[in-house]
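Participant: Here you go, this is final.cif (mmCIF, C-alpha atoms).
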data_query
#
loop_
_atom_site.label_atom_id
_atom_site.label_comp_id
_atom_site.auth_asym_id
_atom_site.auth_seq_id
_atom_site.Cartn_x
_atom_site.Cartn_y
_atom_site.Cartn_z
CA MET A 1330 160.85 204.79 104.46
CA ALA A 1331 162.64 201.52 104.90
CA PRO A 1332 165.82 201.72 106.91
CA CYS A 1333 168.81 200.17 105.18
CA SER A 1334 170.75 198.83 108.15
CA PHE A 1335 170.61 195.37 106.56
CA TRP A 1336 172.51 196.75 103.60
CA GLY A 1337 175.61 197.39 105.67
CA LYS A 1338 175.48 193.88 107.13
CA LEU A 1339 174.97 192.38 103.72
CA VAL A 1340 177.97 194.25 102.39
CA THR A 1341 180.11 193.10 105.28
CA VAL A 1342 179.15 189.49 104.61
CA ALA A 1343 179.61 189.75 100.87
CA GLY A 1344 182.88 191.71 101.03
CA PHE A 1345 185.95 189.78 100.01
CA GLU A 1346 188.15 190.79 102.94
CA ALA A 1347 187.09 188.08 105.35
CA ASP A 1348 189.83 187.07 107.78
CA ASP A 1349 190.24 183.51 106.53
CA THR A 1350 190.35 184.72 102.94
CA LEU A 1351 193.04 187.24 103.84
CA GLU A 1352 195.13 184.60 105.55
CA GLN A 1353 194.75 182.11 102.73
CA ASP A 1354 195.64 184.73 100.14
CA ALA A 1355 198.67 185.87 102.14
CA GLN A 1356 199.85 182.28 102.44
CA LEU A 1357 199.39 181.66 98.73
CA VAL A 1358 201.27 184.85 97.89
CA GLN A 1359 204.17 183.73 100.07
CA GLN A 1360 204.22 180.37 98.31
CA CYS A 1361 204.12 182.13 94.95
CA LEU A 1362 207.11 184.22 95.91
CA GLN A 1363 208.96 180.99 96.72
CA GLY A 1364 208.24 179.79 93.20
CA ASP A 1365 205.26 177.54 93.86
CA GLY A 1366 203.32 177.34 90.60
CA SER A 1367 200.35 175.55 92.14
CA ALA A 1368 199.90 178.41 94.63
CA TRP A 1369 199.72 180.85 91.74
CA GLU A 1370 197.24 178.61 90.00
CA GLU A 1371 195.10 178.61 93.13
CA LEU A 1372 195.25 182.41 93.34
CA VAL A 1373 194.18 182.67 89.72
CA ARG A 1374 191.25 180.34 90.28
CA ARG A 1375 190.16 182.21 93.40
CA HIS A 1376 190.15 185.67 91.83
CA THR A 1377 189.43 185.20 88.13
CA ARG A 1378 185.68 185.50 88.46
CA ARG A 1379 185.76 188.68 90.52
CA ILE A 1380 188.29 190.36 88.26
CA PHE A 1381 186.41 189.31 85.14
CA ASN A 1382 183.17 190.70 86.59
CA ILE A 1383 184.76 194.06 87.40
CA CYS A 1384 186.19 194.25 83.89
CA TYR A 1385 182.90 193.24 82.30
CA ARG A 1386 180.84 195.70 84.32
CA PHE A 1387 183.27 198.46 83.47
CA THR A 1388 183.63 197.78 79.76
CA GLY A 1389 180.29 196.14 79.05
CA ASN A 1390 182.00 193.83 76.59
CA GLY A 1391 182.83 190.17 77.24
CA THR A 1392 185.78 189.92 74.87
CA GLU A 1393 187.36 193.08 76.22
CA ALA A 1394 186.74 191.93 79.76
CA GLU A 1395 188.47 188.64 79.02
CA ASP A 1396 191.51 190.34 77.50
CA LEU A 1397 191.70 192.81 80.35
CA SER A 1398 191.42 190.05 82.94
CA GLN A 1399 194.38 188.30 81.36
CA GLU A 1400 196.29 191.54 81.35
CA VAL A 1401 195.50 192.10 85.01
CA PHE A 1402 196.80 188.68 86.02
CA LEU A 1403 199.88 189.09 83.86
CA ARG A 1404 200.65 192.37 85.61
CA VAL A 1405 199.95 190.90 89.04
CA TYR A 1406 202.22 187.96 88.24
CA LYS A 1407 205.04 190.29 87.30
CA THR A 1408 204.62 192.64 90.24
CA ILE A 1409 203.54 190.28 92.99
CA GLY A 1410 206.90 190.83 94.65
CA SER A 1411 205.94 194.45 95.27
CA TYR A 1412 202.80 193.50 97.18
CA ARG A 1413 202.98 194.31 100.89
CA SER A 1414 200.39 193.03 103.32
CA ALA A 1415 200.51 196.39 105.09
CA TYR A 1416 198.80 197.83 102.03
CA GLY A 1417 195.73 195.73 102.69
CA GLY A 1418 194.38 192.41 101.51
CA PHE A 1419 195.67 190.82 98.34
CA ALA A 1420 192.21 191.14 96.82
CA THR A 1421 192.20 194.89 97.47
CA TRP A 1422 195.62 195.23 95.92
CA MET A 1423 194.55 193.19 92.94
CA THR A 1424 191.40 195.26 92.54
CA SER A 1425 193.56 198.35 92.60
CA VAL A 1426 195.73 196.93 89.81
CA THR A 1427 192.56 196.12 87.88
CA ARG A 1428 191.15 199.59 88.36
CA ASN A 1429 194.39 201.24 87.14
CA LEU A 1430 194.44 199.01 84.13
CA LEU A 1431 190.79 199.73 83.37
CA ILE A 1432 191.38 203.47 83.53
CA ASP A 1433 194.43 203.09 81.26
CA HIS A 1434 192.33 201.04 78.89
CA TYR A 1435 189.55 203.63 78.99
CA ARG A 1436 191.94 206.44 78.10
CA ARG A 1437 193.65 204.37 75.44
CA THR A 1438 190.41 203.43 73.70
CA LYS A 1439 188.64 206.76 74.16
CA ARG A 1440 189.13 207.74 70.56
CA ASP A 1441 188.24 204.34 69.19
CA ARG A 1442 185.04 204.15 71.14
CA ILE A 1443 182.13 204.98 68.89
CA THR A 1444 179.25 203.36 70.57
CA ASP A 1445 178.71 201.54 73.79
CA SER A 1446 176.02 199.33 72.41
CA LEU A 1447 175.97 195.87 73.91
CA GLU A 1448 174.78 194.29 70.70
CA ASP A 1449 178.29 193.39 69.63
CA SER A 1450 179.40 192.20 73.00
CA MET A 1451 180.11 188.58 73.68
CA PRO A 1452 177.13 186.77 75.12
CA VAL A 1453 177.56 186.06 78.79
CA VAL A 1454 176.04 183.35 80.93
CA GLU A 1455 174.35 184.04 84.21
CA ASN A 1456 175.80 182.00 87.03
CA LYS A 1457 174.44 179.19 89.18
CA GLU A 1458 172.84 181.62 91.60
CA SER A 1459 170.06 181.97 89.07
CA ALA A 1460 169.16 178.29 89.49
CA GLY A 1461 166.75 178.93 92.33
CA ARG A 1462 164.78 181.62 90.53
CA ARG A 1463 161.65 181.20 88.50
CA PRO A 1464 162.05 181.57 84.73
CA ASP A 1465 160.08 184.82 84.66
CA GLN A 1466 162.24 186.21 87.46
CA GLN A 1467 165.37 185.15 85.60
CA LEU A 1468 164.09 186.84 82.48
CA LEU A 1469 163.34 190.05 84.35
CA LEU A 1470 166.68 189.99 86.12
CA GLY A 1471 168.52 189.23 82.91
CA GLU A 1472 166.77 192.08 81.15
CA LEU A 1473 167.42 194.42 84.07
CA SER A 1474 171.05 193.33 84.17
CA SER A 1475 171.45 194.15 80.51
CA GLN A 1476 169.80 197.55 80.90
CA VAL A 1477 171.79 198.41 84.00
CA GLN A 1478 174.94 197.38 82.15
CA THR A 1479 174.04 199.72 79.32
CA ALA A 1480 173.39 202.53 81.78
CA LEU A 1481 176.66 201.84 83.60
CA THR A 1482 178.69 202.30 80.45
CA LYS A 1483 177.12 205.75 80.07
CA LEU A 1484 178.52 206.88 83.40
CA SER A 1485 181.85 208.66 83.58
CA PRO A 1486 184.69 206.23 84.48
CA GLU A 1487 185.19 207.78 87.94
CA LEU A 1488 181.54 207.38 88.90
CA ARG A 1489 181.27 204.03 87.14
CA GLU A 1490 184.15 202.43 89.00
CA ALA A 1491 182.82 203.75 92.31
CA VAL A 1492 179.36 202.30 91.72
CA ILE A 1493 180.77 198.99 90.47
CA LEU A 1494 183.04 198.58 93.47
CA ARG A 1495 180.37 199.59 95.96
CA ASP A 1496 177.14 198.17 94.61
CA LEU A 1497 178.23 195.30 92.39
CA GLN A 1498 181.41 194.15 94.11
CA GLN A 1499 180.06 195.21 97.51
CA LEU A 1500 183.33 196.58 98.84
CA GLU A 1501 183.51 198.63 102.02
CA TYR A 1502 184.23 202.34 101.80
CA ASN A 1503 187.76 201.98 103.19
CA GLU A 1504 188.50 199.23 100.67
CA ILE A 1505 187.30 201.42 97.84
CA ARG A 1506 189.43 204.24 99.22
CA LYS A 1507 192.48 201.99 99.03
CA VAL A 1508 191.64 200.77 95.56
CA LEU A 1509 190.97 204.23 94.13
CA ASP A 1510 193.65 205.88 96.22
CA VAL A 1511 191.47 208.86 97.02
CA PRO A 1512 190.15 210.25 100.34
CA GLU A 1513 187.07 208.60 101.79
CA GLY A 1514 185.06 211.79 101.30
CA THR A 1515 185.77 211.61 97.59
CA VAL A 1516 184.71 207.96 97.55
CA LYS A 1517 181.41 208.80 99.23
CA SER A 1518 180.81 211.70 96.91
CA ARG A 1519 181.54 209.61 93.81
CA ILE A 1520 179.32 206.77 94.95
CA ASN A 1521 176.49 209.17 95.71
CA ARG A 1522 176.80 211.02 92.44
CA GLY A 1523 177.21 207.76 90.57
CA ARG A 1524 174.02 206.34 92.01
CA ILE A 1525 171.99 209.46 91.31
CA GLU A 1526 173.35 209.69 87.78
CA LEU A 1527 172.73 205.99 87.13
CA ALA A 1528 169.16 206.31 88.38
CA ARG A 1529 168.65 209.27 86.08
CA ILE A 1530 170.01 207.34 83.08
CA LEU A 1531 167.84 204.36 83.89
CA GLN A 1532 164.83 206.63 84.20
CA GLN A 1533 165.59 208.07 80.77
CA MET A 1534 165.79 204.53 79.43
CA GLY A 1535 162.40 203.81 80.95
CA VAL A 1536 163.76 201.25 83.40
CA ARG A 1537 162.25 201.06 86.85
CA PRO A 1538 164.21 198.60 88.96
CA SER A 1539 162.11 197.00 91.65
CA MET B 299 169.04 222.37 111.53
CA THR B 300 166.33 221.72 109.02
CA TRP B 301 167.45 219.70 106.03
CA THR B 302 166.89 220.90 102.49
CA CYS B 303 166.55 219.00 99.25
CA GLU B 304 170.27 219.61 98.60
CA ASN B 305 171.13 218.01 101.93
CA ILE B 306 168.99 215.01 101.08
CA GLU B 307 170.71 214.54 97.73
CA ALA B 308 174.17 214.99 99.19
CA ARG B 309 173.63 212.50 102.02
CA LEU B 310 171.48 210.01 100.17
CA SER B 311 174.15 207.29 99.95
CA ASP B 312 175.05 207.75 103.61
CA TYR B 313 171.40 207.21 104.40
CA LEU B 314 171.13 204.11 102.23
CA ASP B 315 174.39 202.67 103.58
CA GLY B 316 173.41 203.32 107.19
CA LEU B 317 176.14 205.88 107.83
CA LEU B 318 173.93 208.62 109.27
CA SER B 319 173.77 209.29 112.97
CA PRO B 320 170.33 208.84 114.62
CA ASP B 321 169.77 212.60 114.65
CA GLU B 322 170.76 212.94 111.01
CA ARG B 323 168.55 210.04 110.08
CA HIS B 324 165.66 211.66 111.88
CA GLU B 325 166.18 214.90 110.02
CA PHE B 326 166.51 213.03 106.76
CA ASP B 327 163.26 211.15 107.33
CA LEU B 328 161.52 214.31 108.42
CA HIS B 329 162.33 216.08 105.17
CA ALA B 330 161.92 213.09 102.89
CA ASN B 331 158.47 212.38 104.31
CA SER B 332 157.34 215.92 103.77
CA CYS B 333 158.90 216.50 100.32
CA GLU B 334 157.35 214.52 97.50
CA ASP B 335 160.28 214.99 95.11
CA CYS B 336 162.82 213.83 97.67
CA ALA B 337 160.65 210.90 98.72
CA GLN B 338 160.40 209.80 95.10
CA MET B 339 164.13 210.17 94.55
CA VAL B 340 165.03 208.23 97.71
CA ALA B 341 162.59 205.44 96.84
CA SER B 342 163.86 205.25 93.28
CA ILE B 343 167.54 205.10 94.20
CA SER B 344 166.91 202.72 97.08
CA GLN B 345 165.19 200.34 94.67
CA MET B 346 167.99 200.72 92.15
CA VAL B 347 170.65 199.92 94.75
CA SER B 348 168.69 196.83 95.80
CA GLY B 349 168.46 195.87 92.15
CA LEU B 350 172.20 196.32 91.67
CA HIS B 351 172.84 194.24 94.73
CA SER B 352 170.76 191.37 93.41
CA MET B 353 172.32 191.47 89.98
CA LEU B 354 173.81 188.14 89.01
CA GLN B 355 177.51 187.57 88.71
CA ILE B 356 178.72 186.91 85.22
CA GLU B 357 180.01 183.42 84.59
CA THR B 358 183.69 183.36 83.71
CA PRO B 359 184.54 181.91 80.29
CA PRO B 360 185.99 178.43 80.92
CA ARG B 361 189.10 179.07 78.86
CA LEU B 362 190.03 182.22 80.76
CA VAL B 363 191.78 180.50 83.67
CA TYR B 364 193.81 178.32 81.31
CA SER B 365 194.73 181.28 79.15
CA ILE B 366 195.96 183.16 82.21
CA LEU B 367 197.93 180.17 83.46
CA ASN B 368 199.42 179.61 80.03
CA GLN B 369 200.49 183.23 79.80
CA THR B 370 201.98 183.33 83.26
CA LEU B 371 203.30 179.86 84.01
CA GLY B 372 203.76 178.88 80.36
CA PRO B 373 202.16 175.98 78.53
CA ARG B 374 201.55 172.94 80.66
CA GLU B 375 204.50 170.56 80.50
CA ALA B 376 204.11 166.85 80.73
CA LYS B 377 205.43 165.36 83.93
CA LYS B 378 208.69 163.56 83.55
CA GLY B 379 210.22 160.52 85.23
CA TRP B 380 208.26 157.93 87.13
CA ARG B 381 205.66 160.52 88.11
CA GLY B 382 204.90 161.10 84.46
CA ALA B 383 204.94 157.39 83.64
CA PHE B 384 202.59 156.40 86.45
CA GLY B 385 200.68 159.63 86.81
CA TRP B 386 197.67 158.14 85.05
CA LEU B 387 197.29 155.63 87.88
CA SER B 388 195.91 158.34 90.15
CA GLY B 389 192.83 158.39 87.95
CA LEU B 390 192.14 154.75 88.76
CA ALA B 391 191.45 155.63 92.37
CA SER B 392 188.18 157.32 91.50
CA PRO B 393 185.02 155.52 92.73
CA ARG B 394 183.46 155.60 89.28
CA PHE B 395 186.40 153.77 87.76
CA ALA B 396 186.48 151.24 90.62
CA TYR B 397 182.76 150.49 90.18
CA SER B 398 183.19 150.00 86.43
CA ALA B 399 186.21 147.77 86.95
CA VAL B 400 184.35 145.56 89.43
CA SER B 401 181.40 145.28 87.03
CA VAL B 402 183.65 144.25 84.16
CA ALA B 403 185.49 141.73 86.35
CA ALA B 404 182.21 140.18 87.54
CA THR B 405 180.96 139.89 83.95
CA LEU B 406 184.19 138.22 82.82
CA LEU B 407 184.03 135.85 85.78
CA ILE B 408 180.50 134.79 84.91
CA LEU B 409 181.28 134.37 81.21
CA LEU B 410 184.44 132.37 81.84
CA THR B 411 182.71 130.11 84.35
CA ALA B 412 179.83 129.60 81.95
CA SER B 413 182.24 128.68 79.17
CA GLY B 414 183.69 125.88 81.26
CA PHE B 415 186.92 127.51 82.38
CA SER B 416 188.36 125.61 85.31
CA TRP B 417 189.45 127.97 88.08
CA ARG B 418 191.12 125.16 90.02
CA LYS B 419 193.25 123.98 87.10
CA PRO B 420 193.43 126.95 84.75
CA LYS B 421 194.90 126.26 81.33
CA LEU B 422 195.73 128.69 78.61
CA ALA B 423 194.21 126.31 76.07
CA ASP B 424 190.83 126.72 77.78
CA LEU B 425 190.80 130.32 76.69
CA SER B 426 191.12 129.58 72.97
CA PRO B 427 187.93 130.53 71.08
CA ALA B 428 187.32 127.01 69.81
CA THR B 429 187.53 125.49 73.28
CA VAL B 430 185.42 128.25 74.75
CA TYR B 431 182.78 127.67 72.07
CA ARG B 432 182.85 123.90 72.53
CA ASN B 433 182.59 124.16 76.30
CA ALA B 434 179.89 126.79 76.14
CA ASN B 435 177.92 124.67 73.68
CA SER B 436 178.28 121.59 75.88
CA LYS B 437 177.30 123.54 78.99
CA ALA B 438 174.30 125.01 77.24
CA HIS B 439 173.08 121.58 76.11
CA LEU B 440 173.65 120.10 79.56
CA ALA B 441 171.76 122.95 81.14
CA TYR B 442 168.92 122.43 78.68
CA ALA B 443 168.81 118.68 79.38
CA HIS B 444 168.84 119.21 83.12
CA THR B 445 166.06 121.71 82.87
CA THR B 446 163.96 119.42 80.70
CA LYS B 447 164.48 116.53 83.07
CA PHE B 448 163.63 118.65 86.07
CA VAL B 449 160.41 119.83 84.46
CA SER B 450 159.52 116.26 83.53
CA ASP B 451 160.15 115.04 87.06
CA LEU B 452 158.04 117.80 88.46
CA ARG B 453 155.23 116.88 86.13
CA VAL B 454 155.33 113.25 87.32
CA VAL B 455 155.34 114.25 90.95
CA TYR B 456 152.40 116.55 90.47
CA GLU B 457 150.55 113.84 88.62
CA ILE B 458 151.09 111.40 91.47
CA GLN B 459 150.08 113.96 94.04
CA SER B 460 146.92 114.86 92.23
CA ARG B 461 145.93 111.22 91.90
CA LEU B 462 146.63 110.54 95.55
CA ASN B 463 144.60 113.57 96.53
CA LYS B 464 141.77 112.36 94.40
CA ASP B 465 142.03 108.98 96.06
CA ASN B 466 142.06 110.49 99.56
CA GLU B 467 138.87 112.34 98.82
CA LEU B 468 137.06 108.98 98.46
CA PRO B 469 135.86 107.14 101.59
CA THR B 470 138.30 104.33 102.41
CA THR B 471 137.03 102.86 105.66
CA PRO B 472 133.88 100.78 105.47
CA GLU B 473 132.87 101.88 108.98
CA SER B 474 132.62 105.46 108.01
CA THR B 475 131.12 104.93 104.61
CA VAL B 476 128.79 102.06 104.90
CA PRO B 477 125.70 102.75 106.87
CA GLN B 478 125.42 100.59 109.93
CA SER B 479 123.02 97.85 109.40
CA ALA B 480 121.86 95.05 111.43
CA PRO B 481 124.15 91.97 111.23
CA GLY B 482 122.92 89.23 109.11
CA LYS B 483 120.49 91.40 107.39
CA THR B 484 122.73 91.92 104.29
CA PRO B 485 124.03 88.96 102.36
CA GLY B 486 127.83 88.61 101.91
CA SER B 487 130.81 89.31 104.13
CA THR B 488 130.68 92.15 106.64
CA ASP B 489 133.86 91.43 108.61
CA GLY B 490 135.71 94.52 107.27
CA THR B 491 138.57 92.72 105.45
CA ARG B 492 137.16 93.50 102.05
CA PRO B 493 136.03 96.80 100.58
CA ALA B 494 132.46 97.53 101.18
CA THR B 495 131.58 97.96 97.55
CA PRO B 496 132.98 96.56 94.31
CA ARG B 497 133.26 100.03 92.86
CA GLN B 498 135.79 101.16 95.49
CA GLN B 499 137.76 97.98 95.12
CA ASN B 500 138.07 98.54 91.39
CA ARG B 501 139.27 102.13 91.88
CA ALA B 502 141.97 101.12 94.36
CA ASN B 503 143.19 98.35 92.09
CA GLY B 504 143.30 100.72 89.12
CA LEU B 505 145.37 103.36 90.98
CA GLY B 506 147.91 100.81 92.09
CA LYS B 507 148.39 99.62 88.53
CA GLU B 508 148.83 103.15 87.25
CA LEU B 509 151.47 103.93 89.84
CA GLU B 510 153.37 100.80 88.95
CA ILE B 511 153.34 101.79 85.29
CA LEU B 512 154.60 105.26 86.14
CA ALA B 513 157.35 103.87 88.32
CA THR B 514 158.62 101.70 85.51
CA GLU B 515 158.41 104.48 82.95
CA VAL B 516 160.20 107.17 85.00
CA PRO B 517 163.70 106.00 85.68
CA VAL B 518 165.16 107.31 88.93
CA VAL B 519 163.51 109.95 91.05
CA SER B 520 159.92 109.39 90.18
CA GLY B 521 160.42 105.63 90.28
CA GLN B 522 161.74 105.74 93.79
CA MET B 523 159.01 108.08 94.80
CA CYS B 524 156.32 105.91 93.27
CA GLY B 525 157.82 102.84 94.84
CA ARG B 526 157.89 104.55 98.17
CA LEU B 527 154.31 105.65 97.80
CA LEU B 528 153.22 102.21 96.72
CA GLY B 529 155.11 100.64 99.56
CA ARG B 530 153.42 102.89 102.01
CA ARG B 531 150.03 102.01 100.68
CA THR B 532 150.72 98.27 100.58
CA PRO B 533 152.74 97.34 103.62
#
Rewrite the structure from the file as structure tokens, please.

Facilitator:
Amino acid sequence: MAPCSFWGKLVTVAGFEADDTLEQDAQLVQQCLQGDGSAWEELVRRHTRRIFNICYRFTGNGTEAEDLSQEVFLRVYKTIGSYRSAYGGFATWMTSVTRNLLIDHYRRTKRDRITDSLEDSMPVVENKESAGRRPDQQLLLGELSSQVQTALTKLSPELREAVILRDLQQLEYNEIRKVLDVPEGTVKSRINRGRIELARILQQMGVRPS
Amino acid sequence: MTWTCENIEARLSDYLDGLLSPDERHEFDLHANSCEDCAQMVASISQMVSGLHSMLQIETPPRLVYSILNQTLGPREAKKGWRGAFGWLSGLASPRFAYSAVSVAATLLILLTASGFSWRKPKLADLSPATVYRNANSKAHLAYAHTTKFVSDLRVVYEIQSRLNKDNELPTTPESTVPQSAPGKTPGSTDGTRPATPRQQNRANGLGKELEILATEVPVVSGQMCGRLLGRRTP
């Protein structure tokens, strides 16, 4: 059985709470609080993609993800004065705002939701990281991405958000704990259950990720 | 403690994320290697996690950032004052624009010079279309005439050279051409002041006449050249 020590390292590298990022974000937030519009613009540019990806993975719908991303930034803009660095990095705080908004949205649209088919969703474009892959690999990854997205939307919101934050956004456990505002044991439990449930759904769909 | 299938399922993510202690990992491996169901589950979820990790990020719609900025900062306002008036100048500093500007300037320079514009004494009248056309026409004709003359001169020079080469190929000194014979054996002069044979004498006379004709026909350059050549041959 292959040991997964590399996984932890990879997560640490890919996590968004690098020291320089924290400092830059903190500086930009300070400038924003002093009324610097360009600092806010920079913050928006730095975090839009991540927030949009969280929203898209959670909702499985491009249009909804776009609307929710706008809503997230609007809320952050209004409440940025309440952000305290003691809470954690700005990105963690922003992710927390996003998560709360996503849960609100989920509850609000629970009745309206009939199907979670992706057929009606806005087409999305894979990013530049796909440039180095062969066309057949891109096709397989694109297909897998679509199937995983479908499976994700079948998870309960608690498990879904845990898996998204851990495996797609590659956050550390303590960061997820801050975002979800639950004990670390609960985070671990949700991630574990989320993964097992997702694997089961994928198996039912006949998908074998490799 | 011997781990059960329930333990494996409960600690699976800890195992995958490297959060188990060495002892726990050992126990985990021990059970997973002996239980087919657990081994299959661990392999399946491990592959899925790897797959999730390699999933591509979704590209953000281009309008999203602008929509957010418009909603938060308000619609973009045009800059006022001198910054607004001269703000477009910052775009001129780009290398692409500078390269294009230099290319255009060089083209204009060439065209103006070709149309006869005097850079030492520039006049506005020189830029009028009629003057530009007249000057360009004159320049074009002059250029054509110069080219024609140059080609003609070259032709003359080559002609002369080829004839001289042809002449050089023929034996000119009687000592080297005429076989030595005993004096007094052959009738006629053998003192070397005259060509050895009448045929050679005729050829030399003919070449000199041709060069004289060419020198009179071609006015300046070729004439001088022919004269010089003739002078060299007939000191």

Participant: If the cut-off is 7 Å, can you tell me the residues of chain B near chain A, counting all atoms listed in the file? I'd like them as a list of chain:residue names.

Facilitator: B:Leu310, B:Ser311, B:Leu314, B:Asp315, B:Gly316, B:Ile343, B:Gln345, B:Met346, B:Val347, B:Gly349, B:Leu350, B:His351, B:Met353, B:Leu354, B:Gln355, B:Ile356, B:Glu357, B:Thr358, B:Leu362, B:Val363, B:Ile366, B:Leu367, B:Thr370

Participant: How would the residues just picked look written out with C-alpha atoms as a tab-separated table (two decimals), in the frame of the given file?

Facilitator:
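Produced file result.tsv, reproduced below:
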chain	number	residue	atom	x	y	z
B	310	LEU	CA	171.48	210.01	100.17
B	311	SER	CA	174.15	207.29	99.95
B	314	LEU	CA	171.13	204.11	102.23
B	315	ASP	CA	174.39	202.67	103.58
B	316	GLY	CA	173.41	203.32	107.19
B	343	ILE	CA	167.54	205.10	94.20
B	345	GLN	CA	165.19	200.34	94.67
B	346	MET	CA	167.99	200.72	92.15
B	347	VAL	CA	170.65	199.92	94.75
B	349	GLY	CA	168.46	195.87	92.15
B	350	LEU	CA	172.20	196.32	91.67
B	351	HIS	CA	172.84	194.24	94.73
B	353	MET	CA	172.32	191.47	89.98
B	354	LEU	CA	173.81	188.14	89.01
B	355	GLN	CA	177.51	187.57	88.71
B	356	ILE	CA	178.72	186.91	85.22
B	357	GLU	CA	180.01	183.42	84.59
B	358	THR	CA	183.69	183.36	83.71
B	362	LEU	CA	190.03	182.22	80.76
B	363	VAL	CA	191.78	180.50	83.67
B	366	ILE	CA	195.96	183.16	82.21
B	367	LEU	CA	197.93	180.17	83.46
B	370	THR	CA	201.98	183.33	83.26

Participant: B:Lys437, B:Arg323, B:Arg394, B:Lys447: which is nearest Phe415 in chain B, counting only C-alpha atoms?

Facilitator: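 Closest to Phe415 in chain B of all the choices is B:Lys437.
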
Participant: So how many Å separate CA of Val1516 in chain A and CA of Lys1483 in chain A, to one decimal?

Facilitator: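 That distance, rounded to one decimal, is 19.2 Å.
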
Participant: I need the residue set behind the PyMOL selection byres ((chain B and resi 329) around 8) for this file; please write it as a list in words.

Facilitator: Thr300, Trp301, Thr302, Cys303, Ile306, Glu325, Phe326, Asp327, Leu328, Ala330, Asn331, Ser332, Cys333 and Cys336 of chain B

Participant: Nearest residue to Ser436 in chain B out of B:Ser365, B:Ser342, B:Asn305, B:Ser413, using all atoms listed in the file?

Facilitator: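 For Ser436 in chain B, the nearest of the given residues is B:Ser413.
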
Participant: Considering only C-alpha atoms, state which residue in the set A:Tyr1416, A:Thr1408, A:Ile1530, A:Arg1428 is at the smallest distance from Leu1481 in chain A.

Facilitator: A:Ile1530

Participant: List the residues selected by the PyMOL selection byres ((chain A and resi 1486) around 10) in the file shown, writing them as a PyMOL selection string.

Facilitator: chain A and resi 1387-1388+1431-1432+1435-1436+1481-1485+1487-1492+1523

Participant: CA of Thr1438 in chain A and CA of Ser1425 in chain A are how many Å apart?

Facilitator: 19.8 Å

Participant: Go ahead and compute the interatomic distance for CA of Ser1411 in chain A and CA of Val1358 in chain A, in Å to one decimal.

Facilitator: 11.0 Å
